[in-house]
Amino acid sequence: MRATCEPGGSRRESAGLTRAELARRAGVSEALIQKVEQGTRQATPTALGALFQTLEVPVQYIGHVTSVLLPELAGLVTEGGYPERLELDFLNSLPYPAGYQTMPAMDLLAANDAYRKAFPGLDPGTNIIAWMLLDPIARYVMRDWEREAHMMVYMFRHASPGVTAPERIEEITRLCSKSPDWQRFWDTEIPPNDIHRRPTQFLSPETGDWITMQMQVFRCEMPHRPWYMYTLTPVPDEI
């Protein structure tokens with residue numbers, strides 16, 4: 001596993017642990033940690049589990065490691081490269097904002113009408129991270145813009161290597177680096193307990209009022225697709 005992945009060097013260093021201290025806490029050898037961080041050896045599932053637990057790796061990133069370690073198997077079970085008509089019809093049948101997007105690069109593939117109204121300018125073919133950082137409307141329609149934008153950059157930084165094509169990582173990085181907030185978000189860690197997505201408020205395009213909504217992301221399993229479905233739904237008290 002590469003050092004850029006969550007249980008690698010960047011995660012260990014942000015936790016303030018030496019290799020020796022991490023090895024002691026996780027019950028593995030220091031030599032193994034060095035080789036894992038250097039990308040010269042893959043850890044066993046048992047060792048990875050111990051490292052994940054010790055470093056408090058968010059559960060959202062554990063699946064990412066599987067994709068990095070077993071890319072050939074991931075490719076065997078993935079079907080299609082763009083949503084088909086029935087998938088688009090399903091998306092458009094949803095009453096609240098929903099879209100299909102790649103993860104963790106966050107390229108928007110398709111969106112329903114409610115999504116496009118909620119996020120003006122965020123059309124299919126747009127990179128969501130770039131829109132968040134570069135389009136002024138993002139700050140206007142999202143009350144907790146700072147946290148949401150930071151979360152996107154954080155995920156992109158930690159989860160893209162090994163999953164997203166290197167040239168695409170470079171393209172997104174080059175585009176987003178035009179934002180004065182990019183480097184600050186990139187260099188700042190997010191505590192594990194803050195990874196969990198809390199409800200946040202979005203500006204209603206119909207009323208102009210703030211609506212509290214819960215974000216959820218679903219994997220497409222049948223057929224198995226290389227994209228995810230992003231949805232926003234009002235929290236119960238707001239319905």
# chains A, B, ... in the order shown; residues from 1 in each chain; ligands from 1
call {"tool": "select_by_dssp", "arguments": {"residues": "range 62-204 of chain A", "states": "helix (DSSP H, G or I)", "output": "ChimeraX atom specification"}}
result
/A:62-69,71-76,85-93,113-118,128-134,137-141,145-159,166-176,182-187,192-194
call {"tool": "residues_around", "arguments": {"residues": "Phe185 in chain A", "least_positions_apart": "4", "cutoff": "7 Å", "atoms": "only C-alpha atoms", "output": "ChimeraX atom specification"}}
result
/A:150,153,181
call {"tool": "residues_around", "arguments": {"residues": "range 15-23 of chain A", "least_positions_apart": "4", "cutoff": "8 Å", "atoms": "only C-alpha atoms", "output": "list in words"}}
result
Arg11, Gly27, Val28, Ser29, Glu30, Ile33, Gln34, Leu51, Thr54 and Leu55 of chain A
call {"tool": "write_last_selection", "arguments": {"atoms": "all heavy atoms", "output": "mmCIF file, in the first residue's frame"}}
result
data_model
loop_
_atom_site.group_PDB
_atom_site.id
_atom_site.type_symbol
_atom_site.label_atom_id
_atom_site.label_comp_id
_atom_site.auth_asym_id
_atom_site.auth_seq_id
_atom_site.Cartn_x
_atom_site.Cartn_y
_atom_site.Cartn_z
ATOM 1 N N ARG A 11 -0.962 9.617 7.429
ATOM 2 C CA ARG A 11 -1.872 9.434 8.550
ATOM 3 C C ARG A 11 -1.088 9.283 9.851
ATOM 4 O O ARG A 11 -1.450 9.847 10.884
ATOM 5 C CB ARG A 11 -2.750 8.210 8.309
ATOM 6 C CG ARG A 11 -3.814 8.005 9.357
ATOM 7 C CD ARG A 11 -4.925 9.015 9.209
ATOM 8 N NE ARG A 11 -5.910 8.890 10.252
ATOM 9 C CZ ARG A 11 -7.018 9.623 10.325
ATOM 10 N NH1 ARG A 11 -7.244 10.530 9.414
ATOM 11 N NH2 ARG A 11 -7.871 9.464 11.302
ATOM 12 N N GLY A 27 0.792 -3.684 17.425
ATOM 13 C CA GLY A 27 1.247 -5.060 17.570
ATOM 14 C C GLY A 27 1.813 -5.640 16.294
ATOM 15 O O GLY A 27 1.684 -6.838 16.034
ATOM 16 N N VAL A 28 2.455 -4.787 15.474
ATOM 17 C CA VAL A 28 3.112 -5.244 14.255
ATOM 18 C C VAL A 28 4.557 -4.784 14.300
ATOM 19 O O VAL A 28 4.957 -4.009 15.167
ATOM 20 C CB VAL A 28 2.410 -4.699 12.991
ATOM 21 C CG1 VAL A 28 0.955 -5.145 12.947
ATOM 22 C CG2 VAL A 28 2.501 -3.179 12.937
ATOM 23 N N SER A 29 5.348 -5.241 13.336
ATOM 24 C CA SER A 29 6.757 -4.862 13.340
ATOM 25 C C SER A 29 6.963 -3.487 12.712
ATOM 26 O O SER A 29 6.232 -3.084 11.806
ATOM 27 C CB SER A 29 7.589 -5.900 12.583
ATOM 28 O OG SER A 29 7.337 -5.830 11.199
ATOM 29 N N GLU A 30 7.984 -2.795 13.190
ATOM 30 C CA GLU A 30 8.323 -1.496 12.619
ATOM 31 C C GLU A 30 8.768 -1.649 11.164
ATOM 32 O O GLU A 30 8.497 -0.791 10.323
ATOM 33 C CB GLU A 30 9.431 -0.845 13.438
ATOM 34 C CG GLU A 30 9.800 0.550 12.982
ATOM 35 C CD GLU A 30 10.854 1.196 13.864
ATOM 36 O OE1 GLU A 30 11.169 0.646 14.941
ATOM 37 O OE2 GLU A 30 11.374 2.260 13.466
ATOM 38 N N ILE A 33 5.758 -1.675 8.856
ATOM 39 C CA ILE A 33 5.200 -0.341 8.647
ATOM 40 C C ILE A 33 6.036 0.438 7.636
ATOM 41 O O ILE A 33 5.508 1.110 6.745
ATOM 42 C CB ILE A 33 5.111 0.421 9.979
ATOM 43 C CG1 ILE A 33 4.082 -0.254 10.887
ATOM 44 C CG2 ILE A 33 4.752 1.880 9.755
ATOM 45 C CD1 ILE A 33 3.985 0.336 12.267
ATOM 46 N N GLN A 34 7.353 0.324 7.752
ATOM 47 C CA GLN A 34 8.230 1.024 6.818
ATOM 48 C C GLN A 34 8.000 0.549 5.392
ATOM 49 O O GLN A 34 7.898 1.357 4.464
ATOM 50 C CB GLN A 34 9.690 0.825 7.211
ATOM 51 C CG GLN A 34 10.661 1.548 6.274
ATOM 52 C CD GLN A 34 12.105 1.395 6.709
ATOM 53 O OE1 GLN A 34 12.410 0.728 7.691
ATOM 54 N NE2 GLN A 34 13.020 2.010 5.979
ATOM 55 N N LEU A 51 -3.688 -1.628 12.114
ATOM 56 C CA LEU A 51 -3.242 -0.274 11.791
ATOM 57 C C LEU A 51 -4.433 0.677 11.676
ATOM 58 O O LEU A 51 -4.383 1.812 12.158
ATOM 59 C CB LEU A 51 -2.443 -0.280 10.489
ATOM 60 C CG LEU A 51 -1.081 -0.977 10.544
ATOM 61 C CD1 LEU A 51 -0.488 -1.111 9.148
ATOM 62 C CD2 LEU A 51 -0.120 -0.204 11.446
ATOM 63 N N THR A 54 -5.661 1.459 15.230
ATOM 64 C CA THR A 54 -4.733 2.295 15.980
ATOM 65 C C THR A 54 -4.734 3.725 15.474
ATOM 66 O O THR A 54 -4.670 4.676 16.261
ATOM 67 C CB THR A 54 -3.306 1.717 15.890
ATOM 68 O OG1 THR A 54 -3.320 0.371 16.370
ATOM 69 C CG2 THR A 54 -2.335 2.541 16.724
ATOM 70 N N LEU A 55 -4.812 3.887 14.155
ATOM 71 C CA LEU A 55 -4.772 5.229 13.559
ATOM 72 C C LEU A 55 -6.149 5.877 13.445
ATOM 73 O O LEU A 55 -6.263 6.997 12.945
ATOM 74 C CB LEU A 55 -4.136 5.149 12.165
ATOM 75 C CG LEU A 55 -2.643 4.812 12.145
ATOM 76 C CD1 LEU A 55 -2.175 4.542 10.734
ATOM 77 C CD2 LEU A 55 -1.836 5.953 12.754
#
call {"tool": "atom_distance", "arguments": {"atom1": "CA of Asn127 in chain A", "atom2": "CA of Asn92 in chain A"}}
result
20.3 Å
call {"tool": "select_by_dssp", "arguments": {"residues": "range 10-185 of chain A", "states": "strand (DSSP E or B)", "output": "list in words"}}
result
Ala98, Gly99, Tyr100, Gln101, Asp107, Leu108, Leu109, Ala110, Ala111, Asn127 and Met142 of chain A
call {"tool": "closest_residue", "arguments": {"among": "A:Met106, A:Met155, A:Ile195, A:Ile211", "to": "Met142 in chain A", "atoms": "only C-alpha atoms"}}
result
A:Ile211
call {"tool": "residues_around", "arguments": {"residues": "Phe90 in chain A", "least_positions_apart": "2", "cutoff": "12 Å", "atoms": "only C-alpha atoms", "output": "PyMOL selection string"}}
result
chain A and resi 83-88+92-95+98-100+110-112+229
